[in-house]
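**Q** This is the structure I have questions about; it appears just below.
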2 protein chains.
Amino acid sequence: MTKRERAYSRYTKDAAILLGKGIKLARKARKFTARDFAERVGISRITLQKIEKGDLKCGLGIVLEAAALAGVKLFDVDPARGNFAAHLESVNDKLALLPKSIRKRRQEVDDDF
Amino acid sequence: MTKRERAYSRYTKDAAILLGKGIKLARKARKFTARDFAERVGISRITLQKIEKGDLKCGLGIVLEAAALAGVKLFDVDPARGNFAAHLESVNDKLALLPKSIRKRRQEVDDDF
DNA sequence: TTAGATTGATCATTATAATGATCATAAGAC
DNA sequence: GTCTTATGATCATTATAATGATCAATCTAA
């Protein structure tokens, strides 16, 4: 194969753009140059550029790390103050109630098309 | 270099774990097998496994795509309705008020340590 | 207005993420 | 209990993300 050519939904595209712009906004509000901020995150300036543009092919970890250092809230949790303990516990509880493995359904009717 | 060896903050790690478990929870609640769901997202079953475990080295795009299909909200925006317009406008407005380029500061005092 | 610095962009190279194949385990349907 | 199938995990291979170098344009501070 010569190309990957992946298709992304509008939601995915917009979510990444919003996240990237949020990072850029927070970085500037805190008066960090792109170079300095990238260094803080542990990535190159070029990669930070991609992240701030909402490039979908960046790694999840470095994007989240940039968001955390910039102070962008994920799941409504402030990186500087909160943690995810409560959220995690809730999800774990709900997961425990569901079957370990799912049997295949013949029809797929669970989406809202 | 033989290894990458990146360091991530707890916030980043937990955010990814929460996101992954949220996807797994939503997938099971909708009775999709891992194989079927991965196919829907357009990724392999192995990659879905990594995403659901909160692997930070997965691509942002495929993780967001999985979250969108599962119905997991990263921000306050519901994937089903998915209107980022208002949020984007707000961020753009604020960005317009900040300087295009940031001058280096001698001291870094903007974080709350 | 000028000078130095920041940003945006492109390209080749290198490191690494994504995949398919495969096996063991165990969970659900009967 | 038995049988079928979903899941978790590992490994080698391939596709691709991350990087450094570099250049032009533009911005900020003086």
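Each chain of the structure tokens is named A, B, ... in the order shown, its residues numbered from 1; ligands are numbered from 1 in display order.
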Should the cut-off be 12 Å, what would the residue list for chain C against chain A look like, counting only C-alpha atoms (C1' of nucleotides), as an mmCIF file with C-alpha atoms (C1' of nucleotides), in the first residue's frame?
**A**
data_model
loop_
_atom_site.group_PDB
_atom_site.id
_atom_site.type_symbol
_atom_site.label_atom_id
_atom_site.label_comp_id
_atom_site.auth_asym_id
_atom_site.auth_seq_id
_atom_site.Cartn_x
_atom_site.Cartn_y
_atom_site.Cartn_z
ATOM 1 C "C1'" DA C 5 13.063 36.778 17.541
ATOM 2 C "C1'" DT C 6 8.861 33.964 16.724
ATOM 3 C "C1'" DT C 7 6.120 31.521 13.837
ATOM 4 C "C1'" DG C 8 4.698 28.688 9.742
ATOM 5 C "C1'" DA C 9 5.999 25.611 6.477
ATOM 6 C "C1'" DT C 10 8.600 21.852 3.807
ATOM 7 C "C1'" DT C 16 7.842 4.049 16.347
ATOM 8 C "C1'" DA C 17 2.873 3.054 15.950
ATOM 9 C "C1'" DA C 18 -0.419 -0.187 13.543
ATOM 10 C "C1'" DA C 26 -12.125 -18.353 29.575
ATOM 11 C "C1'" DA C 27 -16.735 -16.791 29.005
ATOM 12 C "C1'" DG C 28 -21.429 -17.440 27.121
ATOM 13 C "C1'" DA C 29 -25.005 -20.367 24.784
#
**Q** If you fit chain B onto chain A using every C-alpha atom, paired in order, what RMSD in Å do you get?
**A**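 C-alpha RMSD after optimal superposition stands at 0.5 Å.
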**Q** Residues of chain D were defined as contacting chain B if any atom lay at most 10 Å from it, counting only C-alpha atoms (C1' of nucleotides); please report them as a list in words.
**A**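 Residues of chain D within 10 Å of chain B, counting only C-alpha atoms (C1' of nucleotides): DA6, DT7, DG8, DA9, DA17, DT26, DC27, DT28 and DA29 of chain D.
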**Q** Got a sec to pull out which chain B residues are within 6 Å of chain A, counting only C-alpha atoms, and send them as an MDAnalysis selection string?
**A** chainID B and resid 12 18 25 33 56:61 64:65 74:75 88 95 102 110
**Q** For those residues, write C-alpha atoms to a file as a PDB file, in the first residue's frame.
**A**
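Written out: out.pdb:
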ATOM      1  CA  THR B  12      -2.177  12.350  31.234  1.00  0.00           C
ATOM      2  CA  LEU B  18     -10.465   6.937  31.771  1.00  0.00           C
ATOM      3  CA  LEU B  25     -17.887   0.534  28.671  1.00  0.00           C
ATOM      4  CA  THR B  33     -17.649  -7.298  20.156  1.00  0.00           C
ATOM      5  CA  LEU B  56      -0.634   6.692  25.262  1.00  0.00           C
ATOM      6  CA  LYS B  57       1.136   5.771  22.057  1.00  0.00           C
ATOM      7  CA  CYS B  58      -2.006   5.426  20.009  1.00  0.00           C
ATOM      8  CA  GLY B  59      -2.899   8.024  17.436  1.00  0.00           C
ATOM      9  CA  LEU B  60      -5.154  10.883  18.494  1.00  0.00           C
ATOM     10  CA  GLY B  61      -7.410  10.479  15.472  1.00  0.00           C
ATOM     11  CA  LEU B  64     -11.185  10.206  19.083  1.00  0.00           C
ATOM     12  CA  GLU B  65     -12.918   8.257  16.347  1.00  0.00           C
ATOM     13  CA  LEU B  74     -14.138  14.212  25.872  1.00  0.00           C
ATOM     14  CA  PHE B  75     -15.369  17.745  26.340  1.00  0.00           C
ATOM     15  CA  LEU B  88     -14.571  27.133  18.391  1.00  0.00           C
ATOM     16  CA  LEU B  95      -6.988  33.901  20.463  1.00  0.00           C
ATOM     17  CA  ILE B 102       5.209  35.633  22.357  1.00  0.00           C
ATOM     18  CA  ASP B 110       2.947  31.207  35.418  1.00  0.00           C
TER      19      ASP B 110
END
**Q** Would you mind listing what lies within 12 Å of DG20 of chain C as an mmCIF file with N, CA, C and O atoms (P, O5', C5', C4', C3', O3' and C1' of nucleotides), in the first residue's frame, with only C-alpha atoms (C1' of nucleotides) counted and same-chain residues fewer than 4 positions away left out?
**A**
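Result saved to selection15.cif:
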data_model
loop_
_atom_site.group_PDB
_atom_site.id
_atom_site.type_symbol
_atom_site.label_atom_id
_atom_site.label_comp_id
_atom_site.auth_asym_id
_atom_site.auth_seq_id
_atom_site.Cartn_x
_atom_site.Cartn_y
_atom_site.Cartn_z
ATOM 1 N N ILE B 43 -9.980 0.225 12.497
ATOM 2 C CA ILE B 43 -8.683 -0.142 13.060
ATOM 3 C C ILE B 43 -8.674 -1.631 13.376
ATOM 4 O O ILE B 43 -9.695 -2.298 13.277
ATOM 5 N N SER B 44 -7.527 -2.137 13.755
ATOM 6 C CA SER B 44 -7.432 -3.557 14.079
ATOM 7 C C SER B 44 -7.899 -3.799 15.517
ATOM 8 O O SER B 44 -7.966 -2.885 16.329
ATOM 9 N N ARG B 45 -8.176 -5.051 15.784
ATOM 10 C CA ARG B 45 -8.616 -5.408 17.129
ATOM 11 C C ARG B 45 -7.514 -5.144 18.149
ATOM 12 O O ARG B 45 -7.781 -4.754 19.285
ATOM 13 N N ILE B 46 -6.297 -5.368 17.746
ATOM 14 C CA ILE B 46 -5.167 -5.132 18.640
ATOM 15 C C ILE B 46 -5.083 -3.668 19.040
ATOM 16 O O ILE B 46 -4.867 -3.332 20.205
ATOM 17 N N THR B 47 -5.252 -2.795 18.054
ATOM 18 C CA THR B 47 -5.185 -1.364 18.337
ATOM 19 C C THR B 47 -6.321 -0.940 19.257
ATOM 20 O O THR B 47 -6.132 -0.118 20.159
ATOM 21 P P DC D 11 7.313 -11.646 22.868
ATOM 22 O "O5'" DC D 11 7.372 -11.686 21.272
ATOM 23 C "C5'" DC D 11 7.018 -12.891 20.582
ATOM 24 C "C4'" DC D 11 7.122 -12.670 19.079
ATOM 25 C "C3'" DC D 11 8.197 -11.666 18.671
ATOM 26 O "O3'" DC D 11 8.875 -12.128 17.499
ATOM 27 C "C1'" DC D 11 6.102 -10.996 17.834
ATOM 28 P P DA D 12 10.292 -11.454 17.112
ATOM 29 O "O5'" DA D 12 10.175 -11.378 15.532
ATOM 30 C "C5'" DA D 12 9.485 -12.413 14.818
ATOM 31 C "C4'" DA D 12 8.872 -11.838 13.545
ATOM 32 C "C3'" DA D 12 9.805 -10.925 12.758
ATOM 33 O "O3'" DA D 12 9.652 -11.176 11.371
ATOM 34 C "C1'" DA D 12 7.837 -9.735 13.348
ATOM 35 P P DT D 13 10.508 -10.327 10.315
ATOM 36 O "O5'" DT D 13 9.431 -9.361 9.662
ATOM 37 C "C5'" DT D 13 8.198 -9.908 9.175
ATOM 38 C "C4'" DT D 13 7.275 -8.809 8.724
ATOM 39 C "C3'" DT D 13 7.915 -7.747 7.814
ATOM 40 O "O3'" DT D 13 7.104 -7.572 6.662
ATOM 41 C "C1'" DT D 13 6.781 -6.719 9.612
ATOM 42 P P DT D 14 7.610 -6.650 5.489
ATOM 43 O "O5'" DT D 14 6.641 -5.396 5.626
ATOM 44 C "C5'" DT D 14 5.234 -5.611 5.760
ATOM 45 C "C4'" DT D 14 4.551 -4.306 6.102
ATOM 46 C "C3'" DT D 14 4.948 -3.112 5.222
ATOM 47 O "O3'" DT D 14 3.785 -2.379 4.888
ATOM 48 C "C1'" DT D 14 5.229 -2.570 7.479
#
**Q** Any chance you could list, as a ChimeraX atom specification, the residues in chain B that come up helix (DSSP H, G or I) when DSSP is run on the backbone?
**A** /B:10-29,34-41,45-53,60-70,85-97
**Q** So which one's closest to DT19 of chain D, A:Glu5, A:Ile23, A:Ala86, A:Leu48? Using only C-alpha atoms (C1' of nucleotides), please.
**A**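 Closest residue, counting only C-alpha atoms (C1' of nucleotides): A:Leu48.
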**Q** Neighbours of DA30 of chain D within 12 Å (only C-alpha atoms (C1' of nucleotides); same-chain residues fewer than 6 positions away dropped), as a list in words?
**A** DT1, DT2, DA3 and DG4 of chain C
**Q** Just how far from atom C1' of DA24 of chain D is atom C1' of DT13 of chain C, in Å to one decimal?
**A** 23.2 Å
**Q** Could you tell me how far atom C1' of DT22 of chain D lies from atom C1' of DA12 of chain C, in Å and to one decimal?
**A** 11.9 Å
